[in-house]
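Below: upload.csv (CSV, C-alpha atoms)
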chain,number,residue,atom,x,y,z
A,50,MET,CA,-43.4,69.5,-83.5
A,51,ARG,CA,-43.7,66.1,-81.9
A,52,THR,CA,-46.0,63.5,-83.4
A,53,PRO,CA,-46.1,59.7,-83.6
A,54,ILE,CA,-43.9,59.8,-86.7
A,55,THR,CA,-41.2,62.0,-85.1
A,56,ASP,CA,-41.1,59.5,-82.2
A,57,LEU,CA,-40.9,56.5,-84.5
A,58,LEU,CA,-38.2,58.0,-86.8
A,59,GLY,CA,-36.2,59.8,-84.0
A,60,ILE,CA,-36.5,63.2,-85.7
A,61,GLU,CA,-37.4,66.6,-84.4
A,62,HIS,CA,-40.0,67.7,-87.0
A,63,PRO,CA,-42.6,65.7,-89.0
A,64,VAL,CA,-41.1,66.6,-92.4
A,65,VAL,CA,-39.7,63.9,-94.7
A,66,GLN,CA,-37.8,64.5,-97.9
A,67,GLY,CA,-39.0,62.4,-100.8
A,68,GLY,CA,-36.8,59.8,-102.4
A,69,MET,CA,-36.3,61.2,-105.9
A,70,MET,CA,-34.4,59.5,-108.7
A,71,TRP,CA,-31.2,61.5,-109.5
A,72,VAL,CA,-32.0,64.0,-106.8
A,73,GLY,CA,-31.8,62.1,-103.4
A,74,ARG,CA,-28.0,62.4,-102.8
A,75,ALA,CA,-25.9,63.0,-99.8
A,76,GLU,CA,-25.9,66.8,-99.6
A,77,LEU,CA,-29.6,67.2,-99.8
A,78,ALA,CA,-30.5,64.4,-97.5
A,79,ALA,CA,-28.0,65.5,-94.9
A,80,ALA,CA,-29.3,69.1,-95.0
A,81,VAL,CA,-32.9,68.0,-94.4
A,82,SER,CA,-31.8,65.7,-91.5
A,83,GLU,CA,-29.5,68.3,-89.9
A,84,ALA,CA,-32.5,70.7,-89.8
A,85,GLY,CA,-34.6,68.1,-87.9
A,86,GLY,CA,-36.5,66.4,-90.7
A,87,LEU,CA,-35.7,63.0,-92.3
A,88,GLY,CA,-33.4,63.2,-95.3
A,89,ILE,CA,-33.6,60.3,-97.8
A,90,ILE,CA,-30.9,59.1,-100.2
A,91,THR,CA,-32.3,57.4,-103.3
A,92,ALA,CA,-30.7,53.9,-103.6
A,93,LEU,CA,-31.1,53.3,-107.3
A,94,THR,CA,-29.5,56.7,-108.2
A,95,GLN,CA,-26.3,54.9,-107.2
A,96,PRO,CA,-25.0,52.5,-109.8
A,97,SER,CA,-24.2,49.7,-107.3
A,98,PRO,CA,-24.9,48.7,-103.7
A,99,ALA,CA,-21.3,49.6,-102.8
A,100,ASP,CA,-21.7,53.1,-104.3
A,101,LEU,CA,-24.8,53.5,-102.1
A,102,VAL,CA,-22.8,52.7,-99.0
A,103,THR,CA,-20.2,55.3,-100.1
A,104,GLU,CA,-23.0,57.9,-100.6
A,105,VAL,CA,-24.4,57.2,-97.1
A,106,GLU,CA,-20.9,57.6,-95.7
A,107,ARG,CA,-20.6,61.0,-97.5
A,108,ALA,CA,-23.9,62.1,-95.9
A,109,ARG,CA,-22.6,60.9,-92.5
A,110,THR,CA,-19.7,63.5,-92.8
A,111,LEU,CA,-22.4,66.2,-93.0
A,112,THR,CA,-24.8,65.1,-90.2
A,113,ASP,CA,-25.1,62.6,-87.4
A,114,LYS,CA,-28.9,62.8,-87.3
A,115,PRO,CA,-31.2,60.0,-88.6
A,116,LEU,CA,-31.1,59.3,-92.3
A,117,GLY,CA,-33.2,57.1,-94.6
A,118,VAL,CA,-32.8,55.4,-97.9
A,119,ASN,CA,-35.5,55.0,-100.6
A,120,LEU,CA,-35.7,51.7,-102.5
A,121,THR,CA,-38.3,51.6,-105.3
A,122,ILE,CA,-39.0,48.0,-106.2
A,123,LEU,CA,-40.5,47.5,-109.7
A,124,PRO,CA,-40.8,44.5,-111.9
A,125,THR,CA,-38.6,44.9,-114.9
A,126,ILE,CA,-37.0,42.7,-117.6
A,127,ASP,CA,-33.6,43.2,-116.1
A,128,PRO,CA,-34.2,44.2,-112.4
A,129,PRO,CA,-31.5,45.7,-110.2
A,130,PRO,CA,-30.1,43.4,-107.5
A,131,TYR,CA,-32.8,44.5,-104.9
A,132,GLU,CA,-31.7,42.1,-102.2
A,133,ASP,CA,-28.1,43.3,-102.5
A,134,TYR,CA,-29.3,46.9,-102.2
A,135,VAL,CA,-31.4,46.0,-99.1
A,136,ARG,CA,-28.3,44.4,-97.5
A,137,ALA,CA,-26.2,47.5,-98.4
A,138,ILE,CA,-28.9,49.7,-96.8
A,139,ALA,CA,-28.8,47.6,-93.6
A,140,ASP,CA,-24.9,47.6,-93.6
A,141,SER,CA,-24.8,51.4,-94.2
A,142,GLY,CA,-26.1,52.2,-90.7
A,143,VAL,CA,-29.1,54.3,-91.7
A,144,GLN,CA,-32.2,53.9,-89.5
A,145,VAL,CA,-35.0,54.1,-92.0
A,146,ILE,CA,-35.8,52.5,-95.4
A,147,GLU,CA,-38.6,53.9,-97.5
A,148,THR,CA,-39.9,51.3,-99.8
A,149,ALA,CA,-42.0,52.1,-102.8
A,150,GLY,CA,-43.4,50.5,-105.9
A,151,ALA,CA,-44.1,46.8,-105.5
A,152,ASN,CA,-45.1,45.0,-102.2
A,153,PRO,CA,-42.0,44.8,-99.9
A,154,GLU,CA,-43.2,41.6,-98.3
A,155,PRO,CA,-40.5,39.4,-99.9
A,156,PHE,CA,-37.9,41.6,-98.1
A,157,MET,CA,-39.6,42.1,-94.8
A,158,ASP,CA,-37.8,39.4,-92.8
A,159,LEU,CA,-34.5,40.8,-94.0
A,160,LEU,CA,-35.5,44.4,-93.2
A,161,LYS,CA,-36.8,43.5,-89.8
A,162,ASP,CA,-33.8,41.4,-88.9
A,163,SER,CA,-31.6,44.3,-89.9
A,164,GLY,CA,-33.4,46.6,-87.4
A,165,LEU,CA,-34.5,49.0,-90.0
A,166,THR,CA,-37.7,51.1,-89.6
A,167,VAL,CA,-39.8,50.4,-92.7
A,168,LEU,CA,-41.8,53.3,-94.2
A,169,HIS,CA,-43.8,52.1,-97.3
A,170,LYS,CA,-45.2,54.5,-99.8
A,171,CYS,CA,-48.8,53.7,-101.0
A,172,THR,CA,-51.3,55.4,-103.4
A,173,SER,CA,-54.4,53.9,-101.9
A,174,VAL,CA,-55.9,53.1,-98.6
A,175,ARG,CA,-56.3,49.4,-99.5
A,176,HIS,CA,-52.6,49.2,-100.2
A,177,ALA,CA,-51.8,51.0,-97.0
A,178,VAL,CA,-53.9,48.5,-95.0
A,179,LYS,CA,-52.1,45.6,-96.7
A,180,ALA,CA,-48.7,47.2,-95.9
A,181,GLN,CA,-49.8,47.5,-92.3
A,182,ARG,CA,-50.8,43.9,-92.3
A,183,ILE,CA,-47.4,42.6,-93.5
A,184,GLY,CA,-45.7,44.5,-90.8
A,185,VAL,CA,-44.3,47.9,-92.0
A,186,ASP,CA,-43.8,50.4,-89.3
A,187,ALA,CA,-45.3,53.4,-91.0
A,188,VAL,CA,-46.9,54.4,-94.3
A,189,SER,CA,-46.6,57.3,-96.7
A,190,ILE,CA,-49.9,57.8,-98.4
A,191,ASP,CA,-49.5,59.5,-101.8
A,192,GLY,CA,-52.3,61.6,-103.2
A,193,PHE,CA,-53.2,62.3,-106.9
A,194,GLU,CA,-51.4,65.7,-106.7
A,195,CYS,CA,-48.0,64.0,-106.4
A,196,ALA,CA,-45.1,63.8,-108.8
A,197,GLY,CA,-44.3,60.4,-110.3
A,198,HIS,CA,-46.8,57.6,-110.0
A,199,PRO,CA,-50.1,58.5,-108.3
A,200,GLY,CA,-51.8,55.2,-109.0
A,201,GLU,CA,-55.0,54.7,-111.0
A,202,ASP,CA,-57.6,55.8,-108.5
A,203,ASP,CA,-57.2,59.5,-108.9
A,204,VAL,CA,-58.0,60.3,-105.2
A,205,PRO,CA,-56.6,63.6,-104.0
A,206,GLY,CA,-55.1,64.1,-100.5
A,207,LEU,CA,-58.1,65.9,-99.1
A,208,ILE,CA,-60.0,62.6,-99.3
A,209,LEU,CA,-57.1,60.1,-99.1
A,210,ILE,CA,-55.6,61.4,-95.9
A,211,PRO,CA,-58.6,61.2,-93.6
A,212,ALA,CA,-59.6,57.9,-95.2
A,213,ALA,CA,-56.2,56.5,-94.3
A,214,ALA,CA,-56.5,57.9,-90.8
A,215,ASP,CA,-59.7,56.0,-90.4
A,216,ALA,CA,-58.2,52.7,-91.6
A,217,LEU,CA,-54.7,52.6,-90.1
A,218,ASP,CA,-53.4,51.9,-86.7
A,219,ILE,CA,-49.7,52.7,-87.5
A,220,PRO,CA,-48.3,56.2,-88.0
A,221,PHE,CA,-48.5,57.6,-91.5
A,222,ILE,CA,-47.4,60.7,-93.4
A,223,ALA,CA,-49.1,62.4,-96.2
A,224,SER,CA,-47.4,62.9,-99.6
A,225,GLY,CA,-48.4,64.7,-102.8
A,226,GLY,CA,-49.1,68.4,-103.0
A,227,PHE,CA,-47.2,69.7,-100.0
A,228,ALA,CA,-44.8,72.6,-100.2
A,229,ASP,CA,-45.4,74.9,-97.2
A,230,GLY,CA,-46.6,75.1,-93.6
A,231,ARG,CA,-50.2,75.4,-94.5
A,232,GLY,CA,-50.0,71.9,-96.0
A,233,LEU,CA,-48.3,70.5,-92.9
A,234,ALA,CA,-51.0,72.0,-90.7
A,235,ALA,CA,-53.8,70.7,-93.0
A,236,ALA,CA,-52.2,67.2,-93.1
A,237,LEU,CA,-52.1,67.1,-89.3
A,238,VAL,CA,-55.7,68.2,-88.9
A,239,LEU,CA,-56.8,65.6,-91.5
A,240,GLY,CA,-55.2,62.8,-89.4
A,241,ALA,CA,-51.7,62.4,-90.8
A,242,HIS,CA,-48.6,62.5,-88.5
A,243,GLY,CA,-46.4,64.4,-90.9
A,244,ILE,CA,-45.7,65.1,-94.5
A,245,ASN,CA,-43.4,64.0,-97.3
A,246,MET,CA,-42.2,66.7,-99.8
A,247,GLY,CA,-40.4,65.9,-103.0
A,248,THR,CA,-40.8,68.8,-105.5
A,249,ARG,CA,-40.2,71.4,-102.7
A,250,PHE,CA,-36.9,69.9,-101.8
A,251,MET,CA,-35.9,69.4,-105.4
A,252,CYS,CA,-36.1,73.2,-105.6
A,253,THR,CA,-33.4,74.0,-102.9
A,254,THR,CA,-29.8,75.0,-103.0
A,255,GLU,CA,-28.5,71.6,-102.0
A,256,SER,CA,-30.6,69.8,-104.7
A,257,PRO,CA,-28.2,68.4,-107.3
A,258,VAL,CA,-30.3,69.3,-110.3
A,259,ALA,CA,-29.4,72.1,-112.8
A,260,ASP,CA,-30.4,75.7,-111.9
A,261,GLU,CA,-32.6,75.8,-115.1
A,262,VAL,CA,-34.8,73.1,-113.6
A,263,LYS,CA,-35.1,75.0,-110.3
A,264,ARG,CA,-36.0,78.2,-112.2
A,265,GLY,CA,-38.5,76.2,-114.2
A,266,ILE,CA,-40.3,75.0,-111.1
A,267,VAL,CA,-40.4,78.5,-109.7
A,268,GLU,CA,-41.9,79.9,-112.9
A,269,GLN,CA,-44.4,77.1,-113.6
A,270,GLY,CA,-47.7,76.7,-112.0
A,271,GLU,CA,-50.0,73.9,-110.8
A,272,LEU,CA,-51.4,73.5,-114.3
A,273,ASP,CA,-48.0,72.8,-115.8
A,274,THR,CA,-47.9,69.1,-115.4
A,275,VAL,CA,-49.0,66.2,-117.6
A,276,LEU,CA,-50.3,62.7,-116.9
A,277,ILE,CA,-48.6,60.2,-119.1
A,278,PHE,CA,-49.2,56.5,-119.6
A,279,ARG,CA,-52.9,56.8,-118.7
A,280,PRO,CA,-54.0,54.4,-121.5
A,281,LEU,CA,-51.4,51.9,-120.2
A,282,ARG,CA,-52.7,52.2,-116.6
A,283,ASN,CA,-49.2,53.1,-115.4
A,284,THR,CA,-50.0,56.8,-114.9
A,285,ALA,CA,-47.1,59.2,-114.1
A,286,ARG,CA,-47.2,62.9,-113.4
A,287,VAL,CA,-44.4,64.8,-115.1
A,288,ALA,CA,-43.5,68.3,-116.2
A,289,ALA,CA,-45.4,69.6,-119.2
A,290,ASN,CA,-43.0,69.9,-122.1
A,291,GLU,CA,-42.5,69.0,-125.7
A,292,VAL,CA,-41.7,65.4,-124.9
A,293,SER,CA,-44.5,64.6,-122.4
A,294,ARG,CA,-47.1,66.2,-124.7
A,295,GLU,CA,-45.9,64.0,-127.6
A,296,VAL,CA,-46.1,60.9,-125.4
A,297,VAL,CA,-49.7,61.7,-124.5
A,298,ARG,CA,-50.6,62.3,-128.2
A,299,ILE,CA,-49.1,59.0,-129.3
A,300,LEU,CA,-50.7,56.9,-126.7
A,301,ASP,CA,-54.1,58.7,-127.0
A,302,GLU,CA,-54.0,57.9,-130.7
A,303,GLY,CA,-53.6,54.2,-130.0
A,304,GLY,CA,-49.9,53.9,-129.7
A,305,GLU,CA,-48.2,51.3,-127.5
A,306,PHE,CA,-45.3,51.6,-125.1
A,307,GLU,CA,-42.8,50.6,-127.8
A,308,ASP,CA,-43.9,53.7,-129.7
A,309,VAL,CA,-42.8,56.0,-126.9
A,310,ARG,CA,-39.9,54.0,-125.3
A,311,GLU,CA,-37.2,56.2,-126.7
A,312,LEU,CA,-39.0,59.4,-125.7
A,313,VAL,CA,-39.4,58.3,-122.0
A,314,ALA,CA,-35.9,56.8,-121.6
A,315,GLY,CA,-34.5,57.5,-118.2
A,316,SER,CA,-31.2,58.6,-119.7
A,317,ARG,CA,-33.1,61.5,-121.3
A,318,GLY,CA,-34.7,62.5,-118.0
A,319,ARG,CA,-31.3,62.4,-116.4
A,320,ARG,CA,-30.1,64.9,-119.0
A,321,VAL,CA,-32.8,67.4,-117.9
A,322,PHE,CA,-31.4,67.4,-114.4
A,323,GLU,CA,-27.8,67.4,-115.3
A,324,GLU,CA,-27.8,69.7,-118.3
A,325,GLY,CA,-30.8,71.9,-117.6
A,326,ASP,CA,-32.5,71.3,-120.9
A,327,LEU,CA,-36.1,71.2,-119.8
A,328,ASP,CA,-37.2,69.6,-123.1
A,329,ALA,CA,-34.5,66.9,-123.2
A,330,GLY,CA,-36.9,64.2,-121.7
A,331,ILE,CA,-39.6,63.6,-119.2
A,332,TRP,CA,-39.0,64.6,-115.6
A,333,SER,CA,-41.2,64.2,-112.5
A,334,VAL,CA,-42.6,67.2,-110.8
A,335,GLY,CA,-45.8,67.7,-108.7
A,336,GLN,CA,-48.6,70.1,-108.8
A,337,SER,CA,-47.1,71.6,-105.7
A,338,GLN,CA,-44.8,73.6,-107.9
A,339,GLY,CA,-47.6,76.1,-108.1
A,340,LEU,CA,-46.8,76.9,-104.4
A,341,ILE,CA,-43.0,77.2,-104.9
A,342,HIS,CA,-41.6,80.7,-105.5
A,343,ASP,CA,-38.0,80.5,-104.4
A,344,VAL,CA,-34.9,78.4,-104.1
A,345,PRO,CA,-33.9,78.4,-100.4
A,346,ALA,CA,-31.6,76.1,-98.5
A,347,ALA,CA,-33.2,72.8,-97.6
A,348,GLY,CA,-32.8,73.4,-93.9
A,349,ASP,CA,-34.6,76.7,-94.2
A,350,VAL,CA,-37.5,74.9,-95.9
A,351,VAL,CA,-37.8,72.5,-92.9
A,352,ARG,CA,-37.7,75.4,-90.4
A,353,ARG,CA,-40.0,77.6,-92.4
A,354,VAL,CA,-42.6,74.9,-93.0
A,355,VAL,CA,-42.7,74.0,-89.3
A,356,ASP,CA,-42.9,77.6,-88.1
A,357,GLU,CA,-45.7,78.4,-90.6
A,358,ALA,CA,-47.6,75.3,-89.6
A,359,GLN,CA,-47.4,76.3,-85.9
A,360,ARG,CA,-48.6,79.8,-86.7
A,361,VAL,CA,-51.5,78.5,-88.9
A,362,LEU,CA,-52.6,76.1,-86.2
A,363,ARG,CA,-52.4,78.7,-83.4
A,364,ARG,CA,-54.4,81.2,-85.5
A,365,ALA,CA,-57.1,78.6,-86.3
A,366,LEU,CA,-57.4,77.7,-82.6
A,367,ALA,CA,-57.6,81.4,-81.7
A,368,THR,CA,-60.4,82.1,-84.1
A,369,GLY,CA,-62.3,78.9,-83.5
Show me, as structure tokens, the structure contained in the file I just sent.
Amino acid sequence: MRTPITDLLGIEHPVVQGGMMWVGRAELAAAVSEAGGLGIITALTQPSPADLVTEVERARTLTDKPLGVNLTILPTIDPPPYEDYVRAIADSGVQVIETAGANPEPFMDLLKDSGLTVLHKCTSVRHAVKAQRIGVDAVSIDGFECAGHPGEDDVPGLILIPAAADALDIPFIASGGFADGRGLAAALVLGAHGINMGTRFMCTTESPVADEVKRGIVEQGELDTVLIFRPLRNTARVAANEVSREVVRILDEGGEFEDVRELVAGSRGRRVFEEGDLDAGIWSVGQSQGLIHDVPAAGDVVRRVVDEAQRVLRRALATG
């Protein structure tokens, strides 16, 4: 399926794997790329820039097709060495960087000088327009259905995608709520040039999370997520479990971040993925889990999504 995003990224199909913390590792990213999509390695899952380069080299033993690296830039008390990670990404030889979180403008000169194609993830049209203005090559527009941080506007993809199509001149992909070919077909009709899928790829054989997590995604539905940090205006969509419900209760009763800091610690979320205890901490998952019913190979997901989208579009044209 050729679209402006496949031309820009040098891939066969307009399917991009989301950059997921603790999930975006070499085997998964390589499997997606080898099937014709764009696999993405998550930079900050690696403890250092040198480790990131090693992870990319591992992926390169599995595929010679285009790869990307996600770098989420967030203001923190003790921030990672973001510039060092950017330089490592450039030196690693990948073709694409997916930036997320804060505005990537401080790094744009370095990114462009390195020859990287910059794909920036946004949760609103106004942020997408600003990203276009500072010179990114493409945008990933993230609807309210997504896992992780959907922003504070609460605009779902059905509105956000065509609104972005009206406002942007650069290629863009749709994120949040996509898990099958019907979603890809809908995104294309609404004006996007492809889709980004996170939760769907987390539930594949190459995904490095525990089997209990994958079974949980298959068994849970679209209602089994919780929005935490709403009172703090830092909303995040995570799996509904004992911990996330307790976080919501504390904050709804007037608590502050310090009151939930231990509950939401990243080390606890990592335990979920590594040990398979679904109540060990908070972990990101999207409403698209309601559309996920199996744990196939990542390459099969890419091929299946594209084949189904083509069938759906042909059927719609035939009956139109």
Compile the contact shell of segment 297-299 of chain A as a list in words: residues with an atom at most 10 Å away, counting all atoms listed in the file, same-chain residues fewer than 3 positions apart removed.
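Final neighbour list, sorted by chain and number: Val275, Leu276, Ile277, Phe278, Arg279, Pro280, Val292, Ser293, Arg294, Glu302, Gly303, Gly304, Glu305, Phe306, Asp308 and Val309 of chain A.
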Just the selected residues (C-alpha atoms), exported as a CSV table (one decimal), in the coordinates of the input, please.
chain,number,residue,atom,x,y,z
A,275,VAL,CA,-49.0,66.2,-117.6
A,276,LEU,CA,-50.3,62.7,-116.9
A,277,ILE,CA,-48.6,60.2,-119.1
A,278,PHE,CA,-49.2,56.5,-119.6
A,279,ARG,CA,-52.9,56.8,-118.7
A,280,PRO,CA,-54.0,54.4,-121.5
A,292,VAL,CA,-41.7,65.4,-124.9
A,293,SER,CA,-44.5,64.6,-122.4
A,294,ARG,CA,-47.1,66.2,-124.7
A,302,GLU,CA,-54.0,57.9,-130.7
A,303,GLY,CA,-53.6,54.2,-130.0
A,304,GLY,CA,-49.9,53.9,-129.7
A,305,GLU,CA,-48.2,51.3,-127.5
A,306,PHE,CA,-45.3,51.6,-125.1
A,308,ASP,CA,-43.9,53.7,-129.7
A,309,VAL,CA,-42.8,56.0,-126.9
Counting only C-alpha atoms, the residue of A:Thr284, A:Thr110, A:Ser337, A:Thr91 that sits nearest Gln269 of chain A:
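Closest to Gln269 of chain A of all the choices is A:Ser337.
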Contacts of Ile219 of chain A within 10 Å, only C-alpha atoms, excl. fewer than 4 positions in-chain, as a list of chain:residue names
A:Pro53, A:Ile54, A:Ala177, A:Val178, A:Gln181, A:Gly184, A:Val185, A:Asp186, A:Ala187, A:Val188, A:Ala214, A:His242
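Our summary of the geometry notes that atom CA of Ala196 of chain A is positioned 26.4 Å from atom CA of Asp218 of chain A.
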Can you list, as an MDAnalysis selection string, every protein, DNA or RNA residue that comes within 12 Å of Glu291 of chain A when you count all atoms listed in the file, leaving out same-chain residues fewer than 2 positions away?
chainID A and resid 273:275 287:289 293:298 312:313 326:332
For a quick check of your reading of the model, name the residues lying within 9 Å of the coordinate (-28.6, 62.0, -93.4), counting all atoms listed in the file, and write them as an mmCIF file with C-alpha atoms, in the coordinates of the input.
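The resulting file, selection_29.cif, is shown below:
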data_model
loop_
_atom_site.group_PDB
_atom_site.id
_atom_site.type_symbol
_atom_site.label_atom_id
_atom_site.label_comp_id
_atom_site.auth_asym_id
_atom_site.auth_seq_id
_atom_site.Cartn_x
_atom_site.Cartn_y
_atom_site.Cartn_z
ATOM 1 C CA ALA A 75 -25.900 63.000 -99.800
ATOM 2 C CA GLU A 76 -25.900 66.800 -99.600
ATOM 3 C CA LEU A 77 -29.600 67.200 -99.800
ATOM 4 C CA ALA A 78 -30.500 64.400 -97.500
ATOM 5 C CA ALA A 79 -28.000 65.500 -94.900
ATOM 6 C CA ALA A 80 -29.300 69.100 -95.000
ATOM 7 C CA VAL A 81 -32.900 68.000 -94.400
ATOM 8 C CA SER A 82 -31.800 65.700 -91.500
ATOM 9 C CA GLU A 83 -29.500 68.300 -89.900
ATOM 10 C CA LEU A 87 -35.700 63.000 -92.300
ATOM 11 C CA GLY A 88 -33.400 63.200 -95.300
ATOM 12 C CA ILE A 89 -33.600 60.300 -97.800
ATOM 13 C CA ILE A 90 -30.900 59.100 -100.200
ATOM 14 C CA VAL A 105 -24.400 57.200 -97.100
ATOM 15 C CA ALA A 108 -23.900 62.100 -95.900
ATOM 16 C CA ARG A 109 -22.600 60.900 -92.500
ATOM 17 C CA LEU A 111 -22.400 66.200 -93.000
ATOM 18 C CA THR A 112 -24.800 65.100 -90.200
ATOM 19 C CA ASP A 113 -25.100 62.600 -87.400
ATOM 20 C CA LYS A 114 -28.900 62.800 -87.300
ATOM 21 C CA PRO A 115 -31.200 60.000 -88.600
ATOM 22 C CA LEU A 116 -31.100 59.300 -92.300
ATOM 23 C CA GLY A 117 -33.200 57.100 -94.600
ATOM 24 C CA VAL A 143 -29.100 54.300 -91.700
#
Grab the atom CA of Gly68 of chain A to atom CA of Asp215 of chain A distance for me, in Å with one decimal place.
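Calculated distance between atom CA of Gly68 of chain A and atom CA of Asp215 of chain A is 26.1 Å.
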Quick one: pull the distance between atom CA of Lys263 of chain A and atom CA of Asp343 of chain A, Å, one decimal.
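A separation of 8.6 Å between them.
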Around (-49.4, 57.5, -93.6) in the file's frame, which residues reach within 12 Å when counting only C-alpha atoms? Return as a ChimeraX atom specification?
/A:53-54,63,65,167-174,176-178,180-181,185-192,206,209-225,236-237,239-245
Please list as an NGL selection string every residue within 9 Å of Val267 of chain A, counting only C-alpha atoms and excluding residues in the same chain fewer than 6 positions away.
:A and (252 or 338-344)
Nearest candidate to Glu323 of chain A (options A:Leu233, A:Ala259, A:Val145, A:Ile183; using only C-alpha atoms):
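Between A:Leu233, A:Ala259, A:Val145, A:Ile183, the residue approaching Glu323 of chain A most closely is A:Ala259.
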Find the residue from A:Glu201, A:Leu160, A:Thr121, A:Leu93 that sits nearest to Asn283 of chain A; use all atoms listed in the file when measuring.
A:Glu201
Distance query segment 351-366 of chain A at most 7 Å, all atoms listed in the file, self and fewer than 2 positions along chain excluded, as JSON, numbers by chain:
{"A": [64, 81, 84, 86, 229, 230, 231, 233, 234, 347, 348, 349, 368, 369]}
Where atoms are missing, can you supply all heavy atoms for segment 225-231 of chain A and output the lot as a tab-separated table (two decimals), keeping the file's coordinate frame?
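File written: part-v8.tsv
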chain	number	residue	atom	x	y	z
A	225	GLY	N	-47.68	64.25	-101.59
A	225	GLY	CA	-48.40	64.70	-102.80
A	225	GLY	C	-49.05	66.07	-102.54
A	225	GLY	O	-50.07	66.14	-101.84
A	226	GLY	N	-48.50	67.14	-103.09
A	226	GLY	CA	-49.10	68.40	-103.00
A	226	GLY	C	-48.66	69.31	-101.86
A	226	GLY	O	-49.23	70.39	-101.63
A	227	PHE	N	-47.62	68.91	-101.15
A	227	PHE	CA	-47.20	69.70	-100.00
A	227	PHE	C	-45.92	70.47	-100.29
A	227	PHE	O	-44.95	69.96	-100.83
A	227	PHE	CB	-46.90	68.70	-98.80
A	227	PHE	CG	-48.14	68.01	-98.34
A	227	PHE	CD1	-48.41	66.70	-98.75
A	227	PHE	CD2	-49.07	68.66	-97.56
A	227	PHE	CE1	-49.57	66.06	-98.36
A	227	PHE	CE2	-50.24	68.03	-97.16
A	227	PHE	CZ	-50.49	66.73	-97.57
A	228	ALA	N	-45.96	71.75	-99.90
A	228	ALA	CA	-44.80	72.60	-100.20
A	228	ALA	C	-44.62	73.70	-99.13
A	228	ALA	O	-43.65	74.44	-99.20
A	228	ALA	CB	-44.98	73.29	-101.56
A	229	ASP	N	-45.54	73.81	-98.16
A	229	ASP	CA	-45.40	74.90	-97.20
A	229	ASP	C	-46.07	74.45	-95.85
A	229	ASP	O	-46.60	73.34	-95.74
A	229	ASP	CB	-45.96	76.20	-97.68
A	229	ASP	CG	-47.43	76.14	-98.07
A	229	ASP	OD1	-48.17	75.28	-97.52
A	229	ASP	OD2	-47.85	76.93	-98.92
A	230	GLY	N	-46.04	75.37	-94.89
A	230	GLY	CA	-46.60	75.10	-93.60
A	230	GLY	C	-48.08	74.90	-93.54
A	230	GLY	O	-48.61	74.19	-92.69
A	231	ARG	N	-48.77	75.55	-94.45
A	231	ARG	CA	-50.20	75.40	-94.50
A	231	ARG	C	-50.55	73.92	-94.83
A	231	ARG	O	-51.50	73.33	-94.27
A	231	ARG	CB	-50.83	76.29	-95.56
A	231	ARG	CG	-50.70	77.77	-95.22
A	231	ARG	CD	-51.12	78.65	-96.39
A	231	ARG	NE	-50.25	78.46	-97.56
A	231	ARG	CZ	-50.40	79.10	-98.72
A	231	ARG	NH1	-51.39	79.97	-98.86
A	231	ARG	NH2	-49.57	78.87	-99.72
